[in-house]
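Structure file protein_2.pdb with PDB, C-alpha atoms:
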ATOM      1  CA  MET A   1       0.000   0.000   0.000
ATOM      2  CA  GLY A   2       0.973   3.614  -0.412
ATOM      3  CA  GLU A   3       0.498   6.390   2.146
ATOM      4  CA  LEU A   4      -2.402   8.261   3.698
ATOM      5  CA  ILE A   5      -2.241  11.873   2.538
ATOM      6  CA  LEU A   6      -3.985  14.249   4.952
ATOM      7  CA  ILE A   7      -5.065  17.652   3.638
ATOM      8  CA  ARG A   8      -6.527  20.383   5.800
ATOM      9  CA  HIS A   9      -8.810  22.745   3.927
ATOM     10  CA  GLY A  10      -7.744  26.307   3.127
ATOM     11  CA  GLU A  11      -8.511  29.363   5.227
ATOM     12  CA  THR A  12     -12.052  30.489   6.094
ATOM     13  CA  GLU A  13     -13.069  33.638   7.934
ATOM     14  CA  TRP A  14     -13.493  31.649  11.151
ATOM     15  CA  SER A  15     -10.239  29.721  10.889
ATOM     16  CA  ARG A  16      -8.563  33.099  10.456
ATOM     17  CA  SER A  17     -10.282  34.533  13.559
ATOM     18  CA  GLY A  18      -9.838  31.379  15.667
ATOM     19  CA  GLN A  19     -13.560  30.601  15.980
ATOM     20  CA  HIS A  20     -14.413  26.921  16.362
ATOM     21  CA  THR A  21     -16.031  25.746  13.128
ATOM     22  CA  SER A  22     -17.657  22.368  12.725
ATOM     23  CA  TYR A  23     -21.113  22.332  11.119
ATOM     24  CA  THR A  24     -21.195  26.012  10.079
ATOM     25  CA  ASP A  25     -20.592  25.660   6.341
ATOM     26  CA  LEU A  26     -18.306  28.584   5.556
ATOM     27  CA  PRO A  27     -16.620  29.037   2.168
ATOM     28  CA  LEU A  28     -12.915  29.532   1.671
ATOM     29  CA  THR A  29     -11.627  33.087   1.744
ATOM     30  CA  PRO A  30      -9.826  34.307  -1.410
ATOM     31  CA  PHE A  31      -6.569  33.547   0.417
ATOM     32  CA  GLY A  32      -7.907  30.094   1.301
ATOM     33  CA  GLU A  33      -8.604  29.457  -2.384
ATOM     34  CA  ARG A  34      -5.025  30.402  -3.231
ATOM     35  CA  GLN A  35      -3.818  28.045  -0.495
ATOM     36  CA  ALA A  36      -5.886  25.246  -2.037
ATOM     37  CA  ARG A  37      -4.496  25.864  -5.519
ATOM     38  CA  ALA A  38      -0.971  25.854  -4.054
ATOM     39  CA  LEU A  39      -1.541  22.257  -2.920
ATOM     40  CA  ALA A  40      -1.429  21.018  -6.507
ATOM     41  CA  PRO A  41       2.398  21.011  -6.849
ATOM     42  CA  LEU A  42       2.708  19.293  -3.449
ATOM     43  CA  LEU A  43       0.507  16.477  -4.762
ATOM     44  CA  ALA A  44       1.737  16.379  -8.350
ATOM     45  CA  ASP A  45       4.136  13.449  -7.902
ATOM     46  CA  ARG A  46       1.708  11.308  -5.890
ATOM     47  CA  ARG A  47      -0.325   8.456  -7.367
ATOM     48  CA  ILE A  48      -3.667   8.852  -5.604
ATOM     49  CA  ALA A  49      -6.108   5.986  -5.997
ATOM     50  CA  LEU A  50      -8.940   7.491  -3.963
ATOM     51  CA  THR A  51      -9.837  10.806  -2.353
ATOM     52  CA  LEU A  52     -12.239  10.895   0.600
ATOM     53  CA  VAL A  53     -13.533  14.359   1.464
ATOM     54  CA  SER A  54     -15.612  15.907   4.232
ATOM     55  CA  PRO A  55     -19.063  17.108   3.114
ATOM     56  CA  ALA A  56     -18.233  20.699   4.176
ATOM     57  CA  VAL A  57     -17.957  23.132   1.272
ATOM     58  CA  ARG A  58     -14.558  24.344   2.510
ATOM     59  CA  ALA A  59     -13.167  20.812   2.189
ATOM     60  CA  ARG A  60     -14.863  20.010  -1.118
ATOM     61  CA  ARG A  61     -13.640  23.275  -2.665
ATOM     62  CA  THR A  62     -10.115  22.594  -1.424
ATOM     63  CA  ALA A  63     -10.121  19.171  -3.078
ATOM     64  CA  GLU A  64     -11.382  20.688  -6.321
ATOM     65  CA  LEU A  65      -8.798  23.483  -6.435
ATOM     66  CA  ALA A  66      -6.000  21.076  -5.506
ATOM     67  CA  GLY A  67      -6.832  19.020  -8.580
ATOM     68  CA  LEU A  68      -8.027  15.888  -6.782
ATOM     69  CA  ALA A  69     -10.282  13.985  -9.150
ATOM     70  CA  ALA A  70     -13.626  12.361  -8.297
ATOM     71  CA  PRO A  71     -13.549  12.770  -4.502
ATOM     72  CA  ARG A  72     -15.909  10.578  -2.478
ATOM     73  CA  ILE A  73     -17.983  12.574   0.018
ATOM     74  CA  THR A  74     -17.486  10.914   3.413
ATOM     75  CA  PRO A  75     -19.667  12.226   6.282
ATOM     76  CA  GLU A  76     -17.409  10.612   8.913
ATOM     77  CA  LEU A  77     -14.666  13.100   7.900
ATOM     78  CA  ARG A  78     -16.646  16.065   9.262
ATOM     79  CA  GLU A  79     -15.007  18.247  11.888
ATOM     80  CA  TRP A  80     -15.335  17.650  15.657
ATOM     81  CA  ASP A  81     -18.861  18.739  16.648
ATOM     82  CA  TYR A  82     -18.192  21.689  18.953
ATOM     83  CA  GLY A  83     -21.754  21.821  20.282
ATOM     84  CA  GLY A  84     -22.269  24.994  22.317
ATOM     85  CA  TYR A  85     -18.808  26.256  21.383
ATOM     86  CA  GLU A  86     -19.556  26.591  17.677
ATOM     87  CA  GLY A  87     -18.325  29.997  16.510
ATOM     88  CA  VAL A  88     -16.609  30.713  19.857
ATOM     89  CA  THR A  89     -12.860  31.235  20.302
ATOM     90  CA  THR A  90     -10.723  29.517  22.918
ATOM     91  CA  ASP A  91     -10.027  32.883  24.594
ATOM     92  CA  GLU A  92     -13.773  33.505  24.949
ATOM     93  CA  ILE A  93     -14.378  30.050  26.425
ATOM     94  CA  ARG A  94     -11.596  30.531  28.959
ATOM     95  CA  ARG A  95     -13.193  33.681  30.350
ATOM     96  CA  THR A  96     -15.586  31.386  32.218
ATOM     97  CA  ARG A  97     -13.562  28.118  32.102
ATOM     98  CA  PRO A  98      -9.942  29.224  32.598
ATOM     99  CA  ASP A  99      -8.513  25.704  32.467
ATOM    100  CA  TRP A 100     -10.634  24.470  29.554
ATOM    101  CA  ASN A 101      -8.892  22.111  27.121
ATOM    102  CA  LEU A 102     -10.761  20.716  24.120
ATOM    103  CA  TRP A 103      -8.605  17.609  24.038
ATOM    104  CA  THR A 104      -9.482  16.455  27.537
ATOM    105  CA  ASP A 105     -12.673  18.343  28.428
ATOM    106  CA  GLY A 106     -14.686  18.175  25.230
ATOM    107  CA  VAL A 107     -17.325  20.832  24.573
ATOM    108  CA  ALA A 108     -20.442  22.367  26.074
ATOM    109  CA  PRO A 109     -23.793  20.894  24.988
ATOM    110  CA  GLY A 110     -25.232  22.459  21.844
ATOM    111  CA  PRO A 111     -28.581  22.381  20.022
ATOM    112  CA  GLU A 112     -30.403  19.116  19.471
ATOM    113  CA  ALA A 113     -28.965  18.615  15.975
ATOM    114  CA  HIS A 114     -25.418  19.348  17.158
ATOM    115  CA  PRO A 115     -25.064  18.310  20.799
ATOM    116  CA  GLY A 116     -21.259  18.192  20.674
ATOM    117  CA  GLU A 117     -18.791  15.303  20.759
ATOM    118  CA  THR A 118     -16.427  13.943  23.366
ATOM    119  CA  PRO A 119     -12.802  13.167  22.449
ATOM    120  CA  ALA A 120     -13.686   9.460  22.588
ATOM    121  CA  GLU A 121     -16.560   9.909  20.120
ATOM    122  CA  VAL A 122     -14.314  11.742  17.656
ATOM    123  CA  GLY A 123     -11.725   9.000  18.115
ATOM    124  CA  ALA A 124     -14.286   6.313  17.276
ATOM    125  CA  ARG A 125     -15.190   8.183  14.111
ATOM    126  CA  ALA A 126     -11.517   8.450  13.179
ATOM    127  CA  ASP A 127     -11.142   4.698  13.673
ATOM    128  CA  ARG A 128     -13.970   4.096  11.213
ATOM    129  CA  VAL A 129     -12.350   6.360   8.615
ATOM    130  CA  LEU A 130      -9.024   4.580   9.076
ATOM    131  CA  ALA A 131     -10.755   1.234   8.584
ATOM    132  CA  GLU A 132     -12.366   2.485   5.359
ATOM    133  CA  ALA A 133      -9.029   3.872   4.143
ATOM    134  CA  ALA A 134      -7.248   0.609   4.975
ATOM    135  CA  GLU A 135      -9.809  -1.379   3.011
ATOM    136  CA  ALA A 136      -9.377   0.932   0.009
ATOM    137  CA  ALA A 137      -5.594   0.794   0.332
ATOM    138  CA  GLY A 138      -5.732  -2.984   0.143
ATOM    139  CA  ARG A 139      -7.121  -2.635  -3.371
ATOM    140  CA  ALA A 140      -4.784   0.223  -4.386
ATOM    141  CA  ALA A 141      -1.391  -1.538  -4.503
ATOM    142  CA  GLU A 142       1.260   1.166  -4.087
ATOM    143  CA  GLU A 143      -1.091   4.101  -4.657
ATOM    144  CA  ASP A 144      -2.028   6.646  -1.974
ATOM    145  CA  ILE A 145      -5.353   7.475  -0.318
ATOM    146  CA  ALA A 146      -6.084  11.193   0.250
ATOM    147  CA  LEU A 147      -8.279  12.530   3.066
ATOM    148  CA  VAL A 148      -9.433  16.155   2.788
ATOM    149  CA  ALA A 149     -10.890  17.363   6.061
ATOM    150  CA  HIS A 150     -10.393  19.534   9.136
ATOM    151  CA  SER A 151      -7.737  20.355  11.706
ATOM    152  CA  HIS A 152      -8.989  18.761  14.912
ATOM    153  CA  PHE A 153     -10.439  15.706  13.226
ATOM    154  CA  LEU A 154      -7.248  15.001  11.258
ATOM    155  CA  ARG A 155      -5.193  15.456  14.420
ATOM    156  CA  VAL A 156      -7.323  12.872  16.237
ATOM    157  CA  LEU A 157      -7.099  10.563  13.229
ATOM    158  CA  THR A 158      -3.305  10.854  13.262
ATOM    159  CA  ALA A 159      -3.190  10.002  16.950
ATOM    160  CA  ARG A 160      -5.355   6.932  16.404
ATOM    161  CA  TYR A 161      -3.269   5.835  13.392
ATOM    162  CA  LEU A 162      -0.199   5.901  15.640
ATOM    163  CA  GLY A 163      -1.966   3.964  18.403
ATOM    164  CA  LEU A 164      -2.348   7.006  20.672
ATOM    165  CA  THR A 165      -5.434   8.264  22.496
ATOM    166  CA  PRO A 166      -7.686  10.846  20.807
ATOM    167  CA  ALA A 167      -6.512  13.472  23.329
ATOM    168  CA  GLU A 168      -2.938  13.051  22.096
ATOM    169  CA  GLY A 169      -3.980  14.726  18.870
ATOM    170  CA  THR A 170      -2.996  17.870  20.763
ATOM    171  CA  LEU A 171       0.621  17.043  19.807
ATOM    172  CA  PHE A 172       0.060  17.605  16.087
ATOM    173  CA  GLN A 173      -0.380  21.241  15.079
ATOM    174  CA  LEU A 174      -1.946  21.576  11.642
ATOM    175  CA  ALA A 175      -2.175  24.741   9.541
ATOM    176  CA  THR A 176      -4.805  25.591   6.933
ATOM    177  CA  GLY A 177      -3.833  24.426   3.466
ATOM    178  CA  ALA A 178      -1.295  21.928   4.828
ATOM    179  CA  VAL A 179      -0.387  18.463   3.551
ATOM    180  CA  SER A 180       0.757  15.638   5.841
ATOM    181  CA  ARG A 181       1.531  11.989   5.143
ATOM    182  CA  LEU A 182       1.152   8.828   7.217
ATOM    183  CA  GLY A 183       2.958   5.654   6.254
ATOM    184  CA  THR A 184       4.863   2.721   7.693
ATOM    185  CA  GLU A 185       8.438   1.832   8.522
ATOM    186  CA  HIS A 186       9.314  -1.829   9.121
ATOM    187  CA  GLY A 187       5.605  -2.529   9.339
ATOM    188  CA  LYS A 188       4.954   0.089  12.035
ATOM    189  CA  PRO A 189       2.820   3.245  11.561
ATOM    190  CA  VAL A 190       4.839   6.472  11.264
ATOM    191  CA  ILE A 191       4.479  10.093  10.183
ATOM    192  CA  THR A 192       6.415  10.547   6.934
ATOM    193  CA  ALA A 193       5.670  14.280   6.516
ATOM    194  CA  TRP A 194       3.771  16.776   8.631
ATOM    195  CA  ASN A 195       2.153  20.200   8.190
ATOM    196  CA  VAL A 196       3.820  20.927   4.851
ATOM    197  CA  THR A 197       2.872  24.182   3.133
ATOM    198  CA  LEU A 198       4.397  26.340   0.434
ATOM    199  CA  PRO A 199       5.770  29.760   1.498
ATOM    200  CA  GLU A 200       3.037  32.382   1.699
ATOM    201  CA  SER A 201       5.227  34.644  -0.458
ATOM    202  CA  LEU A 202       4.205  32.453  -3.408
ATOM    203  CA  PHE A 203       0.520  33.298  -2.881
ATOM    204  CA  PRO A 204       0.377  36.453  -0.687
ATOM    205  CA  ARG A 205      -2.714  37.311   1.310
ATOM    206  CA  ALA A 206      -3.073  40.669  -0.462
ATOM    207  CA  VAL A 207      -3.030  40.347  -4.243
ATOM    208  CA  PRO A 208      -1.989  43.582  -6.010
ATOM    209  CA  GLU A 209      -4.700  45.006  -8.207
ATOM    210  CA  THR A 210      -4.082  44.865 -11.943
ATOM    211  CA  PRO A 211      -3.833  48.410 -13.352
ATOM    212  CA  GLU A 212      -6.665  49.288 -15.700
ATOM    213  CA  ARG A 213      -5.699  49.550 -19.337
ATOM    214  CA  ASP A 214      -6.864  52.440 -21.506
TER     215      ASP A 214
END
Write out the structure in this file as structure tokens.
Amino acid sequence: MGELILIRHGETEWSRSGQHTSYTDLPLTPFGERQARALAPLLADRRIALTLVSPAVRARRTAELAGLAAPRITPELREWDYGGYEGVTTDEIRRTRPDWNLWTDGVAPGPEAHPGETPAEVGARADRVLAEAAEAAGRAAEEDIALVAHSHFLRVLTARYLGLTPAEGTLFQLATGAVSRLGTEHGKPVITAWNVTLPESLFPRAVPETPERD
């Protein structure tokens, strides 16, 4: 089998501001779209047999702009359900819960449709995605499987791939528009690349306006 290629979607307004974003279906910012397009050269030399993508528009658009063909929408790849903390920053939460830690404490209850998830529940979902990816990899020979999703979920998935607890996803910082790879060495799961991005100077946040021609 090849490797698992993990891709975090490009920037949204809430990822830029630090607001927790799970079910709120925000689009990429213009900068986020440039980040997604910049993924293409990072993936150009990979033979990808299958792409699984979160249903969120920010993930689907990232896959499209990165040039990943025929992605399979996979609901289990959705972001951690933040429940009552949807749209709230960590600093705001800690005004009333100074010691709050997502990785160990989980979230406050939310509305009926989005009650929130515990770390263990997110970990169980990650295990199911890994099982699906492993089954696909068994049919893909030396080709890779790509997962296009979200920061906290991919961090939990990485922890579970390595045999760690969901809470140990805290060890793996992951930027917007980043590519990471999970593989094996001597039959054991390892990280082969992590949080790889191209320099922002190649796709600056502010794009100079093109002068009007007479």
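This file, filtered with the PyMOL selection byres ((chain A and resi 69) around 12), gives the residues Ala40, Leu43, Arg47, Ile48, Ala49, Leu50, Thr51, Leu52, Val53, Arg60, Arg61, Thr62, Ala63, Glu64, Leu65, Ala66, Gly67, Leu68, Ala70, Pro71, Arg72 and Ala146 of chain A.
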Query raised in the report: Hey, what comes out of the PyMOL selection byres ((chain A and resi 125-139) around 7) on this file? Could you write it as a ChimeraX atom specification?
Result: /A:1,76,121-124,140-141,145,156-157,160
Report task. List the residues selected by the PyMOL selection byres ((chain A and resi 20) around 10) in the file shown, writing them as an MDAnalysis selection string. Result -> chainID A and resid 14:15 17:19 21:24 79:83 85:90 152
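Within 8 Å of the point (-10.9, 19.2, 7.2) in file coordinates, and counting all atoms listed in the file, lie the residues Ile7, Arg8, His9, Val53, Ser54, Arg58, Ala59, Leu77, Arg78, Glu79, Val148, Ala149, His150, Ser151, His152, Phe153 and Leu154 of chain A.
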